[in-house]
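File shown: model.tsv. Contents: TSV, C-alpha atoms and all ligand atoms.
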```tsv
chain	number	residue	atom	x	y	z
A	113	MET	CA	0.21	17.03	-1.96
A	114	MET	CA	3.34	17.72	0.06
A	115	ASN	CA	5.65	14.92	-1.07
A	116	PHE	CA	5.60	12.16	-3.71
A	117	THR	CA	7.31	9.03	-2.43
A	118	SER	CA	4.71	6.28	-2.99
A	119	VAL	CA	1.38	5.49	-4.66
A	120	LYS	CA	-0.06	6.21	-1.20
A	121	ASP	CA	0.46	9.93	-1.86
A	122	LEU	CA	-2.24	9.86	-4.57
A	123	THR	CA	-5.90	10.31	-3.74
A	124	ASN	CA	-7.15	8.75	-7.00
A	125	ILE	CA	-4.90	6.71	-9.30
A	126	ASN	CA	-7.40	6.78	-12.19
A	127	ALA	CA	-7.65	10.57	-12.09
A	128	TRP	CA	-3.83	10.79	-12.20
A	129	LEU	CA	-3.70	8.37	-15.12
A	130	LYS	CA	-6.26	10.49	-17.01
A	131	LYS	CA	-4.27	13.64	-16.25
A	132	ALA	CA	-1.03	12.04	-17.47
A	133	LEU	CA	-2.64	11.09	-20.81
A	134	GLU	CA	-4.06	14.63	-21.10
A	135	ILE	CA	-0.56	16.07	-20.49
A	136	LYS	CA	0.97	13.65	-23.03
A	137	ALA	CA	-1.52	14.90	-25.64
A	138	ASN	CA	-0.74	18.55	-24.79
A	139	PRO	CA	2.70	18.70	-23.07
A	140	PHE	CA	3.14	22.48	-23.29
A	141	GLY	CA	-0.39	23.37	-22.18
A	142	PHE	CA	0.37	23.97	-18.49
A	143	GLN	CA	3.29	26.39	-18.57
A	144	GLU	CA	1.61	29.07	-16.47
A	145	PHE	CA	2.02	26.82	-13.42
A	146	GLY	CA	5.80	26.42	-13.73
A	147	LYS	CA	6.78	29.99	-14.62
A	148	ASN	CA	9.42	31.35	-12.21
A	149	LYS	CA	9.50	28.06	-10.26
A	150	THR	CA	12.68	26.03	-9.82
A	151	LEU	CA	13.10	22.27	-9.62
A	152	GLY	CA	16.26	20.87	-8.02
A	153	LEU	CA	17.28	17.29	-8.85
A	154	ILE	CA	19.72	15.72	-6.40
A	155	PHE	CA	21.37	12.41	-7.27
A	156	LEU	CA	23.23	10.28	-4.76
A	157	ASN	CA	23.33	7.47	-7.39
A	158	PRO	CA	23.67	7.24	-11.21
A	159	SER	CA	20.78	7.91	-13.60
A	160	LEU	CA	19.99	8.38	-17.27
A	161	ARG	CA	16.19	8.27	-17.64
A	162	THR	CA	15.14	9.77	-14.31
A	163	ARG	CA	17.51	12.66	-14.68
A	164	LEU	CA	16.60	13.54	-18.28
A	165	SER	CA	12.86	12.79	-18.21
A	166	THR	CA	12.24	14.71	-14.99
A	167	GLN	CA	14.25	17.64	-16.34
A	168	LYS	CA	12.25	17.46	-19.58
A	169	ALA	CA	9.00	17.34	-17.60
A	170	ALA	CA	9.95	20.49	-15.69
A	171	LEU	CA	10.99	22.30	-18.89
A	172	ASN	CA	7.65	21.34	-20.51
A	173	LEU	CA	5.96	23.03	-17.53
A	174	GLY	CA	8.04	26.19	-17.97
A	175	MET	CA	10.12	25.56	-14.83
A	176	ASN	CA	13.81	26.22	-14.31
A	177	VAL	CA	15.88	23.16	-13.39
A	178	MET	CA	19.09	22.63	-11.43
A	179	VAL	CA	20.72	19.20	-11.31
A	180	MET	CA	23.45	18.06	-8.94
A	181	ASN	CA	25.19	14.70	-8.67
A	182	LEU	CA	25.62	15.11	-4.93
A	183	GLY	CA	26.96	11.56	-4.54
A	184	THR	CA	30.00	12.23	-6.72
A	185	GLU	CA	30.33	16.02	-6.91
A	186	GLY	CA	29.19	17.34	-3.53
A	187	TRP	CA	30.62	17.26	-0.04
A	188	SER	CA	30.38	13.89	1.60
A	189	ILE	CA	27.06	13.89	3.49
A	190	GLU	CA	26.54	12.81	7.10
A	191	MET	CA	23.18	11.03	7.48
A	192	THR	CA	23.21	10.23	11.20
A	193	ASP	CA	22.24	12.71	13.94
A	194	GLY	CA	24.58	13.39	16.83
A	195	THR	CA	27.72	12.21	15.02
A	196	VAL	CA	31.02	13.86	15.96
A	197	MET	CA	31.94	14.77	12.38
A	198	ASP	CA	35.72	14.43	12.69
A	199	GLN	CA	35.97	11.62	10.12
A	200	GLY	CA	35.04	11.38	6.40
A	201	SER	CA	31.67	13.19	6.26
A	202	GLN	CA	31.85	16.91	5.65
A	203	GLU	CA	28.28	18.26	5.64
A	204	HIS	CA	25.17	17.13	7.53
A	205	ILE	CA	22.03	16.28	5.56
A	206	LYS	CA	20.15	18.81	7.74
A	207	GLU	CA	22.12	21.76	6.34
A	208	ALA	CA	22.24	20.30	2.83
A	209	ALA	CA	18.44	19.87	2.64
A	210	GLY	CA	17.81	23.25	4.30
A	211	VAL	CA	20.11	25.07	1.89
A	212	ILE	CA	18.78	23.36	-1.27
A	213	SER	CA	15.23	24.26	-0.12
A	214	GLN	CA	16.14	27.95	-0.31
A	215	TYR	CA	17.08	27.61	-3.98
A	216	CYS	CA	14.20	25.38	-5.11
A	217	ASP	CA	10.38	25.22	-5.03
A	218	ILE	CA	10.38	21.42	-5.45
A	219	ILE	CA	13.27	19.00	-4.85
A	220	GLY	CA	13.74	15.52	-6.32
A	221	ILE	CA	16.18	13.14	-4.64
A	222	ARG	CA	17.55	9.72	-5.60
A	223	THR	CA	18.89	7.58	-2.78
A	224	PHE	CA	19.28	3.83	-3.43
A	225	ALA	CA	19.27	1.06	-0.85
A	226	GLU	CA	22.74	0.18	0.41
A	227	LEU	CA	21.68	-3.49	0.80
A	228	LYS	CA	23.72	-3.88	3.99
A	229	ASN	CA	21.11	-3.39	6.70
A	230	ARG	CA	17.52	-4.31	5.83
A	231	ASP	CA	15.92	-2.39	8.69
A	232	GLU	CA	17.84	0.74	7.80
A	233	ASP	CA	16.92	0.51	4.09
A	234	TYR	CA	13.26	-0.30	4.82
A	235	SER	CA	13.02	2.63	7.27
A	236	GLU	CA	13.94	4.88	4.29
A	237	LYS	CA	16.50	6.52	6.54
A	238	VAL	CA	18.00	8.94	4.00
A	239	LEU	CA	14.78	9.97	2.24
A	240	THR	CA	13.03	10.49	5.57
A	241	LYS	CA	15.90	12.59	6.95
A	242	PHE	CA	15.98	14.67	3.78
A	243	ILE	CA	12.21	15.30	3.91
A	244	GLN	CA	12.42	16.22	7.62
A	245	SER	CA	14.99	18.91	6.88
A	246	ALA	CA	13.58	20.13	3.55
A	247	LYS	CA	11.27	23.11	3.55
A	248	VAL	CA	9.63	22.43	0.16
A	249	PRO	CA	7.87	19.40	-1.41
A	250	VAL	CA	10.11	16.41	-2.19
A	251	VAL	CA	9.76	13.92	-5.08
A	252	SER	CA	11.38	10.48	-4.86
A	253	LEU	CA	13.61	9.77	-7.86
A	254	GLU	CA	13.98	6.17	-6.51
A	255	SER	CA	14.44	5.58	-2.83
A	256	ALA	CA	15.69	2.56	-0.89
A	257	THR	CA	12.42	0.65	-1.25
A	258	LEU	CA	10.31	2.37	-3.96
A	259	HIS	CA	10.50	3.96	-7.42
A	260	PRO	CA	7.10	5.62	-7.85
A	261	LEU	CA	7.88	7.72	-10.97
A	262	GLN	CA	8.88	4.50	-12.76
A	263	SER	CA	5.74	2.66	-11.66
A	264	PHE	CA	3.52	5.55	-12.73
A	265	ALA	CA	5.15	5.48	-16.20
A	266	ASP	CA	4.63	1.69	-16.29
A	267	LEU	CA	0.95	2.14	-15.44
A	268	ILE	CA	0.55	4.69	-18.26
A	269	THR	CA	2.27	2.27	-20.68
A	270	ILE	CA	0.03	-0.65	-19.74
A	271	GLU	CA	-3.07	1.54	-20.03
A	272	GLU	CA	-2.02	2.64	-23.55
A	273	GLN	CA	-1.08	-0.85	-24.75
A	274	LYS	CA	-3.68	-3.14	-23.20
A	275	LYS	CA	-6.17	-4.85	-25.52
A	276	ILE	CA	-8.48	-6.22	-22.83
A	277	THR	CA	-10.00	-4.52	-19.79
A	278	ARG	CA	-8.17	-6.61	-17.19
A	279	PRO	CA	-4.84	-7.83	-18.61
A	280	LYS	CA	-2.66	-10.46	-16.94
A	281	VAL	CA	0.55	-8.77	-15.80
A	282	VAL	CA	3.45	-10.97	-14.67
A	283	LEU	CA	6.34	-9.52	-12.70
A	284	SER	CA	9.23	-11.92	-13.22
A	285	TRP	CA	12.54	-12.04	-11.40
A	286	ALA	CA	15.50	-12.45	-13.77
A	287	PRO	CA	19.19	-13.12	-13.11
A	288	HIS	CA	21.81	-10.36	-12.72
A	289	PRO	CA	25.53	-10.29	-11.86
A	290	ARG	CA	25.18	-7.64	-9.09
A	291	ALA	CA	23.03	-7.18	-5.99
A	292	LEU	CA	20.19	-4.80	-6.92
A	293	PRO	CA	17.54	-3.20	-4.68
A	294	GLN	CA	13.93	-4.42	-4.49
A	295	ALA	CA	12.65	-0.87	-5.08
A	296	VAL	CA	11.45	-1.17	-8.69
A	297	ALA	CA	9.69	-4.48	-7.99
A	298	ASN	CA	8.12	-3.34	-4.68
A	299	SER	CA	6.86	-0.17	-6.31
A	300	PHE	CA	5.48	-1.94	-9.41
A	301	VAL	CA	3.53	-4.29	-7.14
A	302	GLU	CA	2.22	-1.38	-5.05
A	303	TRP	CA	0.88	0.40	-8.16
A	304	MET	CA	-0.44	-2.71	-9.96
A	305	LYS	CA	-2.42	-3.71	-6.86
A	306	GLN	CA	-4.38	-0.47	-7.36
A	307	ALA	CA	-4.76	-0.91	-11.13
A	308	ASP	CA	-7.36	-3.02	-12.96
A	309	VAL	CA	-4.98	-5.92	-13.76
A	310	GLU	CA	-4.50	-9.57	-12.78
A	311	LEU	CA	-1.08	-9.42	-11.13
A	312	VAL	CA	1.14	-12.49	-10.73
A	313	ILE	CA	4.68	-12.39	-9.31
A	314	THR	CA	7.19	-15.12	-10.10
A	315	ASN	CA	10.60	-15.51	-8.49
A	316	PRO	CA	12.88	-18.29	-7.27
A	317	VAL	CA	12.54	-19.67	-3.75
A	318	GLY	CA	14.41	-17.31	-1.39
A	319	PHE	CA	13.57	-14.24	-3.48
A	320	ASP	CA	10.05	-13.41	-2.26
A	321	LEU	CA	9.54	-9.67	-1.85
A	322	SER	CA	8.53	-8.23	1.51
A	323	PRO	CA	5.05	-9.43	2.57
A	324	GLU	CA	4.25	-5.76	3.11
A	325	PHE	CA	3.97	-5.57	-0.70
A	326	THR	CA	3.01	-9.10	-1.77
A	327	ASP	CA	0.12	-9.53	0.67
A	328	GLY	CA	-2.89	-10.70	-1.35
A	329	VAL	CA	-0.90	-11.19	-4.59
A	330	THR	CA	-0.30	-14.59	-6.28
A	331	VAL	CA	3.40	-15.51	-5.98
A	332	LEU	CA	4.56	-18.54	-8.02
A	333	HIS	CA	8.01	-20.09	-7.82
A	334	ASN	CA	7.47	-21.76	-11.21
A	335	GLN	CA	8.16	-19.14	-13.89
A	336	ASN	CA	6.68	-21.14	-16.78
A	337	GLU	CA	3.41	-21.59	-14.92
A	338	ALA	CA	3.27	-17.86	-14.14
A	339	LEU	CA	3.96	-16.79	-17.74
A	340	ALA	CA	1.11	-18.86	-19.20
A	341	GLY	CA	-1.34	-16.53	-20.95
A	342	ALA	CA	0.39	-13.32	-19.79
A	343	ASN	CA	-0.41	-10.09	-21.65
A	344	PHE	CA	2.53	-8.20	-20.10
A	345	VAL	CA	5.83	-9.58	-18.76
A	346	TYR	CA	7.66	-7.12	-16.50
A	347	ALA	CA	11.22	-8.40	-15.97
A	348	LYS	CA	13.41	-7.21	-13.13
A	349	ASN	CA	16.21	-8.53	-11.00
A	350	TRP	CA	16.19	-7.93	-7.29
A	351	SER	CA	18.47	-9.27	-4.60
A	352	SER	CA	16.98	-11.32	-1.79
A	353	TYR	CA	14.79	-9.65	0.85
A	354	GLU	CA	14.79	-12.78	3.01
A	355	ASN	CA	18.59	-13.30	2.93
A	356	TYR	CA	19.09	-9.60	2.57
A	357	GLY	CA	21.19	-8.60	-0.46
A	358	GLN	CA	22.00	-12.16	-1.57
A	359	THR	CA	22.17	-12.76	-5.35
A	360	ALA	CA	21.69	-15.77	-7.66
A	361	PRO	CA	23.40	-14.92	-10.97
A	362	ASN	CA	23.67	-18.64	-11.82
A	363	LEU	CA	19.88	-19.05	-12.27
A	364	THR	CA	20.19	-18.46	-16.01
A	365	ASP	CA	17.05	-20.45	-16.82
A	366	TRP	CA	15.12	-17.41	-15.46
A	367	THR	CA	16.36	-15.17	-18.33
A	368	ILE	CA	13.43	-13.87	-20.39
A	369	SER	CA	13.95	-15.61	-23.75
A	370	LYS	CA	11.81	-16.30	-26.84
A	371	PRO	CA	10.73	-19.77	-25.55
A	372	LYS	CA	9.57	-18.07	-22.31
A	373	MET	CA	7.65	-15.38	-24.22
A	374	ASP	CA	6.07	-18.14	-26.37
A	375	LEU	CA	4.26	-19.29	-23.20
A	376	THR	CA	2.44	-15.94	-22.99
A	377	ASN	CA	-0.59	-14.64	-24.87
A	378	ASN	CA	1.54	-12.69	-27.39
A	379	GLY	CA	2.77	-10.84	-24.28
A	380	LYS	CA	4.52	-7.49	-24.32
A	381	PHE	CA	7.95	-7.28	-22.72
A	382	MET	CA	8.64	-4.53	-20.14
A	383	HIS	CA	11.72	-3.43	-18.19
A	384	CYS	CA	12.55	-0.14	-16.43
A	385	LEU	CA	16.10	0.00	-17.90
A	386	PRO	CA	19.06	0.01	-17.71
A	387	VAL	CA	19.04	-3.69	-18.61
A	388	ARG	CA	21.81	-6.28	-18.97
A	389	ARG	CA	21.17	-7.78	-22.40
A	390	ASN	CA	21.42	-11.57	-22.66
A	391	VAL	CA	21.42	-11.85	-18.87
A	392	VAL	CA	18.00	-10.42	-17.88
A	393	VAL	CA	16.51	-10.65	-21.39
A	394	THR	CA	17.75	-11.99	-24.73
A	395	ASP	CA	18.39	-9.66	-27.68
A	396	GLU	CA	15.65	-11.46	-29.58
A	397	VAL	CA	13.00	-10.47	-27.02
A	398	ILE	CA	14.08	-6.90	-26.27
A	399	ASP	CA	14.57	-6.14	-29.99
A	400	SER	CA	11.19	-7.64	-30.95
A	401	GLY	CA	8.06	-5.70	-31.85
A	402	ASN	CA	6.57	-6.76	-28.49
A	403	SER	CA	9.17	-4.85	-26.46
A	404	LEU	CA	7.81	-1.74	-24.70
A	405	VAL	CA	11.03	-0.53	-23.06
A	406	LEU	CA	11.28	2.69	-25.08
A	407	GLU	CA	7.59	3.49	-24.59
A	408	GLN	CA	8.10	3.08	-20.82
A	409	ALA	CA	11.08	5.43	-20.84
A	410	ASN	CA	9.12	7.96	-22.89
A	411	ASN	CA	6.24	7.88	-20.42
A	412	ARG	CA	8.65	8.77	-17.60
A	413	THR	CA	8.36	12.38	-18.84
A	414	TYR	CA	4.56	12.46	-18.55
A	415	ALA	CA	4.53	10.67	-15.20
A	416	ALA	CA	6.98	13.25	-13.82
A	417	GLN	CA	5.10	16.12	-15.44
A	418	THR	CA	1.84	15.01	-13.81
A	419	VAL	CA	3.49	14.80	-10.39
A	420	LEU	CA	5.19	18.20	-10.74
A	421	LEU	CA	1.96	19.83	-11.99
A	422	LYS	CA	0.00	18.45	-9.03
A	423	MET	CA	2.67	19.82	-6.69
A	424	LEU	CA	2.68	23.22	-8.38
A	425	GLN	CA	-1.12	23.29	-8.09
A	426	ASN	CA	-0.83	21.93	-4.55
A	427	VAL	CA	-3.49	19.27	-5.12
A	428	GLY	CA	-3.58	15.50	-4.54
A	501	LIG	N1	16.39	3.14	-11.92
A	501	LIG	C1	16.11	1.90	-12.41
A	501	LIG	C2	16.95	0.79	-11.88
A	501	LIG	C3	18.07	1.20	-10.98
A	501	LIG	C4	18.81	0.07	-10.32
A	501	LIG	N2	19.51	-0.69	-11.33
A	501	LIG	C5	20.84	-0.82	-11.32
A	501	LIG	O1	21.48	-0.35	-10.44
A	501	LIG	C6	21.44	-1.61	-12.48
A	501	LIG	C7	22.92	-1.52	-12.46
A	501	LIG	C8	23.62	-2.65	-13.17
A	501	LIG	O2	23.09	-3.22	-14.15
A	501	LIG	O3	24.72	-2.96	-12.73
A	501	LIG	C9	17.81	-0.83	-9.58
A	501	LIG	O4	17.70	-2.00	-9.90
A	501	LIG	O5	17.13	-0.32	-8.66
A	502	LIG	N1	14.52	3.52	-15.05
A	502	LIG	C1	15.34	4.41	-14.44
A	502	LIG	O1	15.04	4.93	-13.36
A	502	LIG	O2	16.47	4.70	-15.13
A	502	LIG	P1	17.71	5.53	-14.56
A	502	LIG	O3	18.26	4.74	-13.41
A	502	LIG	O4	18.63	5.62	-15.73
A	502	LIG	O5	17.22	6.87	-14.11
```

What do you get writing this file as structure tokens?
Amino acid sequence: MMNFTSVKDLTNINAWLKKALEIKANPFGFQEFGKNKTLGLIFLNPSLRTRLSTQKAALNLGMNVMVMNLGTEGWSIEMTDGTVMDQGSQEHIKEAAGVISQYCDIIGIRTFAELKNRDEDYSEKVLTKFIQSAKVPVVSLESATLHPLQSFADLITIEEQKKITRPKVVLSWAPHPRALPQAVANSFVEWMKQADVELVITNPVGFDLSPEFTDGVTVLHNQNEALAGANFVYAKNWSSYENYGQTAPNLTDWTISKPKMDLTNNGKFMHCLPVRRNVVVTDEVIDSGNSLVLEQANNRTYAAQTVLLKMLQNVG
């Protein structure tokens, strides 16, 4: 496997899931693969979980790790080819990626959607340019349209927690004060479509995700109807794909609350974090025994460790 940017980079999702659970049971059992190898983690946007869990995963594998907040601490990066660089940008992504490749055996990069130009975000302009200029395998730490390490951790969590073979998993839009990318939601859908689950998406009218992801999936604009009988409720805000970047913070009846969870089949609550309490989800729900948010964050380590191990072994 050269790069990890999507579920499409896996040859067999069930084999990866099995490997992740094996690694979780024996996290220090694969250190011979990481010895004398270096992981570089490059952040163009903030992070808590991705930064720490991916670093932890590399350390568990015996790797060395370098982390750089390029977005705030590096030179300002030029992303477009052919630019006369006499303005704000100081270093071209071509040199940046080429140089970092000389210091690292694997590079992770986080580059969020800007939510200004849909075509540009959905072409994964920055990630693609970085990969083109990098000389080593690249792992997405959340790109403009996808967050595969998160979705892999979510898959592990559902596998561990499910009580029936084919659980009902509901991805529900929730309100938020800012415009957020669709990446976490797109990616969750992409992975759940390949898992043995009954997936239902619910969001307000005007907030349908790209058909590229929702094709073949039940999308309901009535949240209560969608939540009926759910075993897992995955809450997430995303800004509009159709009216690109538009928000709807006033739709407070979409907040995941106890009355909403009472519609489910004793459903478990999931969120990738960070979460706005009492906007996306009430304290009562996220603090309840049915909340899986810490388990999800914990599984980020084993998802990342599986991906890094596969890269070190150069297998899909
Ligand atoms: N990495 C997980 C989520 C990252 C990002 N959330 C955020 O930016 C939340 C920020 C805020 O709450 O203002 C997103 O939705 O893609
Ligand atoms: N879930 C997640 O990716 O968290 P961070 O943005 O804190 O890395």

Return as an MDAnalysis selection string every polymer residue, whether protein, DNA or RNA, with at least one atom no more than 12 Å from an atom of ligand LIG 501 (chain A); count all atoms listed in the file.
chainID A and resid 155 157:163 222:227 252:263 285:300 347:351 383:389 391:392 408:409 412

Using C-alpha atoms, can you export the residues from the last selection as a PDB file, in the coordinates of the input?
```pdb
ATOM      1  CA  PHE A 155      21.370  12.410  -7.270  1.00  0.00           C
ATOM      2  CA  ASN A 157      23.330   7.470  -7.390  1.00  0.00           C
ATOM      3  CA  PRO A 158      23.670   7.240 -11.210  1.00  0.00           C
ATOM      4  CA  SER A 159      20.780   7.910 -13.600  1.00  0.00           C
ATOM      5  CA  LEU A 160      19.990   8.380 -17.270  1.00  0.00           C
ATOM      6  CA  ARG A 161      16.190   8.270 -17.640  1.00  0.00           C
ATOM      7  CA  THR A 162      15.140   9.770 -14.310  1.00  0.00           C
ATOM      8  CA  ARG A 163      17.510  12.660 -14.680  1.00  0.00           C
ATOM      9  CA  ARG A 222      17.550   9.720  -5.600  1.00  0.00           C
ATOM     10  CA  THR A 223      18.890   7.580  -2.780  1.00  0.00           C
ATOM     11  CA  PHE A 224      19.280   3.830  -3.430  1.00  0.00           C
ATOM     12  CA  ALA A 225      19.270   1.060  -0.850  1.00  0.00           C
ATOM     13  CA  GLU A 226      22.740   0.180   0.410  1.00  0.00           C
ATOM     14  CA  LEU A 227      21.680  -3.490   0.800  1.00  0.00           C
ATOM     15  CA  SER A 252      11.380  10.480  -4.860  1.00  0.00           C
ATOM     16  CA  LEU A 253      13.610   9.770  -7.860  1.00  0.00           C
ATOM     17  CA  GLU A 254      13.980   6.170  -6.510  1.00  0.00           C
ATOM     18  CA  SER A 255      14.440   5.580  -2.830  1.00  0.00           C
ATOM     19  CA  ALA A 256      15.690   2.560  -0.890  1.00  0.00           C
ATOM     20  CA  THR A 257      12.420   0.650  -1.250  1.00  0.00           C
ATOM     21  CA  LEU A 258      10.310   2.370  -3.960  1.00  0.00           C
ATOM     22  CA  HIS A 259      10.500   3.960  -7.420  1.00  0.00           C
ATOM     23  CA  PRO A 260       7.100   5.620  -7.850  1.00  0.00           C
ATOM     24  CA  LEU A 261       7.880   7.720 -10.970  1.00  0.00           C
ATOM     25  CA  GLN A 262       8.880   4.500 -12.760  1.00  0.00           C
ATOM     26  CA  SER A 263       5.740   2.660 -11.660  1.00  0.00           C
ATOM     27  CA  TRP A 285      12.540 -12.040 -11.400  1.00  0.00           C
ATOM     28  CA  ALA A 286      15.500 -12.450 -13.770  1.00  0.00           C
ATOM     29  CA  PRO A 287      19.190 -13.120 -13.110  1.00  0.00           C
ATOM     30  CA  HIS A 288      21.810 -10.360 -12.720  1.00  0.00           C
ATOM     31  CA  PRO A 289      25.530 -10.290 -11.860  1.00  0.00           C
ATOM     32  CA  ARG A 290      25.180  -7.640  -9.090  1.00  0.00           C
ATOM     33  CA  ALA A 291      23.030  -7.180  -5.990  1.00  0.00           C
ATOM     34  CA  LEU A 292      20.190  -4.800  -6.920  1.00  0.00           C
ATOM     35  CA  PRO A 293      17.540  -3.200  -4.680  1.00  0.00           C
ATOM     36  CA  GLN A 294      13.930  -4.420  -4.490  1.00  0.00           C
ATOM     37  CA  ALA A 295      12.650  -0.870  -5.080  1.00  0.00           C
ATOM     38  CA  VAL A 296      11.450  -1.170  -8.690  1.00  0.00           C
ATOM     39  CA  ALA A 297       9.690  -4.480  -7.990  1.00  0.00           C
ATOM     40  CA  ASN A 298       8.120  -3.340  -4.680  1.00  0.00           C
ATOM     41  CA  SER A 299       6.860  -0.170  -6.310  1.00  0.00           C
ATOM     42  CA  PHE A 300       5.480  -1.940  -9.410  1.00  0.00           C
ATOM     43  CA  ALA A 347      11.220  -8.400 -15.970  1.00  0.00           C
ATOM     44  CA  LYS A 348      13.410  -7.210 -13.130  1.00  0.00           C
ATOM     45  CA  ASN A 349      16.210  -8.530 -11.000  1.00  0.00           C
ATOM     46  CA  TRP A 350      16.190  -7.930  -7.290  1.00  0.00           C
ATOM     47  CA  SER A 351      18.470  -9.270  -4.600  1.00  0.00           C
ATOM     48  CA  HIS A 383      11.720  -3.430 -18.190  1.00  0.00           C
ATOM     49  CA  CYS A 384      12.550  -0.140 -16.430  1.00  0.00           C
ATOM     50  CA  LEU A 385      16.100   0.000 -17.900  1.00  0.00           C
ATOM     51  CA  PRO A 386      19.060   0.010 -17.710  1.00  0.00           C
ATOM     52  CA  VAL A 387      19.040  -3.690 -18.610  1.00  0.00           C
ATOM     53  CA  ARG A 388      21.810  -6.280 -18.970  1.00  0.00           C
ATOM     54  CA  ARG A 389      21.170  -7.780 -22.400  1.00  0.00           C
ATOM     55  CA  VAL A 391      21.420 -11.850 -18.870  1.00  0.00           C
ATOM     56  CA  VAL A 392      18.000 -10.420 -17.880  1.00  0.00           C
ATOM     57  CA  GLN A 408       8.100   3.080 -20.820  1.00  0.00           C
ATOM     58  CA  ALA A 409      11.080   5.430 -20.840  1.00  0.00           C
ATOM     59  CA  ARG A 412       8.650   8.770 -17.600  1.00  0.00           C
TER      60      ARG A 412
END
```

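Minimum atom-to-atom distances from A:Met191, A:Ala307, A:Val281, A:Leu182 to Lys237 (chain A) were compared using all atoms listed in the file, and the lowest value belongs to A:Met191.
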
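With all atoms listed in the file as the basis for measurement, A:Gln214 is the residue among A:Trp187, A:Pro139, A:Gln214, A:Leu129 that approaches Gly152 (chain A) most closely.
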
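The space between CA of Phe242 (chain A) and CA of Thr117 (chain A) spans 12.1 Å.
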
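With all atoms listed in the file as the atoms that count, the residue of A:Thr150, A:Val329, A:Gln202, A:Asp395 with the shortest distance to Glu302 (chain A) is A:Val329.
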
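Between ligand LIG 502 (chain A) and the residues A:Val309, A:Val196, A:Leu164, A:Ala209, the shortest atom-to-atom distance, using all atoms listed in the file, involves A:Leu164.
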
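What separates CA of Gln335 (chain A) from CA of Glu272 (chain A) is a distance of 25.9 Å.
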
Since the input has fewer atoms than a full residue there, write region 151-162 of chain A out with N, CA and C atoms, as a PDB file, keeping the file's coordinate frame.
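Saved to out.pdb:
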```pdb
ATOM      1  N   LEU A 151      12.982  23.659 -10.067  1.00  0.00           N
ATOM      2  CA  LEU A 151      13.100  22.270  -9.620  1.00  0.00           C
ATOM      3  C   LEU A 151      14.574  21.951  -9.402  1.00  0.00           C
ATOM      4  N   GLY A 152      14.897  21.351  -8.274  1.00  0.00           N
ATOM      5  CA  GLY A 152      16.260  20.870  -8.020  1.00  0.00           C
ATOM      6  C   GLY A 152      16.262  19.357  -8.044  1.00  0.00           C
ATOM      7  N   LEU A 153      17.183  18.763  -8.782  1.00  0.00           N
ATOM      8  CA  LEU A 153      17.280  17.290  -8.850  1.00  0.00           C
ATOM      9  C   LEU A 153      18.608  16.870  -8.243  1.00  0.00           C
ATOM     10  N   ILE A 154      18.525  16.115  -7.164  1.00  0.00           N
ATOM     11  CA  ILE A 154      19.720  15.720  -6.400  1.00  0.00           C
ATOM     12  C   ILE A 154      19.922  14.216  -6.542  1.00  0.00           C
ATOM     13  N   PHE A 155      21.080  13.829  -7.052  1.00  0.00           N
ATOM     14  CA  PHE A 155      21.370  12.410  -7.270  1.00  0.00           C
ATOM     15  C   PHE A 155      22.505  11.934  -6.373  1.00  0.00           C
ATOM     16  N   LEU A 156      22.186  10.947  -5.543  1.00  0.00           N
ATOM     17  CA  LEU A 156      23.230  10.280  -4.760  1.00  0.00           C
ATOM     18  C   LEU A 156      23.690   9.013  -5.482  1.00  0.00           C
ATOM     19  N   ASN A 157      22.995   8.677  -6.604  1.00  0.00           N
ATOM     20  CA  ASN A 157      23.330   7.470  -7.390  1.00  0.00           C
ATOM     21  C   ASN A 157      23.188   7.814  -8.874  1.00  0.00           C
ATOM     22  N   PRO A 158      23.733   6.952  -9.766  1.00  0.00           N
ATOM     23  CA  PRO A 158      23.670   7.240 -11.210  1.00  0.00           C
ATOM     24  C   PRO A 158      22.245   7.262 -11.764  1.00  0.00           C
ATOM     25  N   SER A 159      22.086   7.884 -12.923  1.00  0.00           N
ATOM     26  CA  SER A 159      20.780   7.910 -13.600  1.00  0.00           C
ATOM     27  C   SER A 159      20.942   8.373 -15.030  1.00  0.00           C
ATOM     28  N   LEU A 160      20.141   7.832 -15.912  1.00  0.00           N
ATOM     29  CA  LEU A 160      19.990   8.380 -17.270  1.00  0.00           C
ATOM     30  C   LEU A 160      18.554   8.884 -17.427  1.00  0.00           C
ATOM     31  N   ARG A 161      17.585   7.942 -17.376  1.00  0.00           N
ATOM     32  CA  ARG A 161      16.190   8.270 -17.640  1.00  0.00           C
ATOM     33  C   ARG A 161      15.594   9.232 -16.616  1.00  0.00           C
ATOM     34  N   THR A 162      15.786   8.957 -15.340  1.00  0.00           N
ATOM     35  CA  THR A 162      15.140   9.770 -14.310  1.00  0.00           C
ATOM     36  C   THR A 162      15.629  11.204 -14.403  1.00  0.00           C
TER      37      THR A 162
END
```
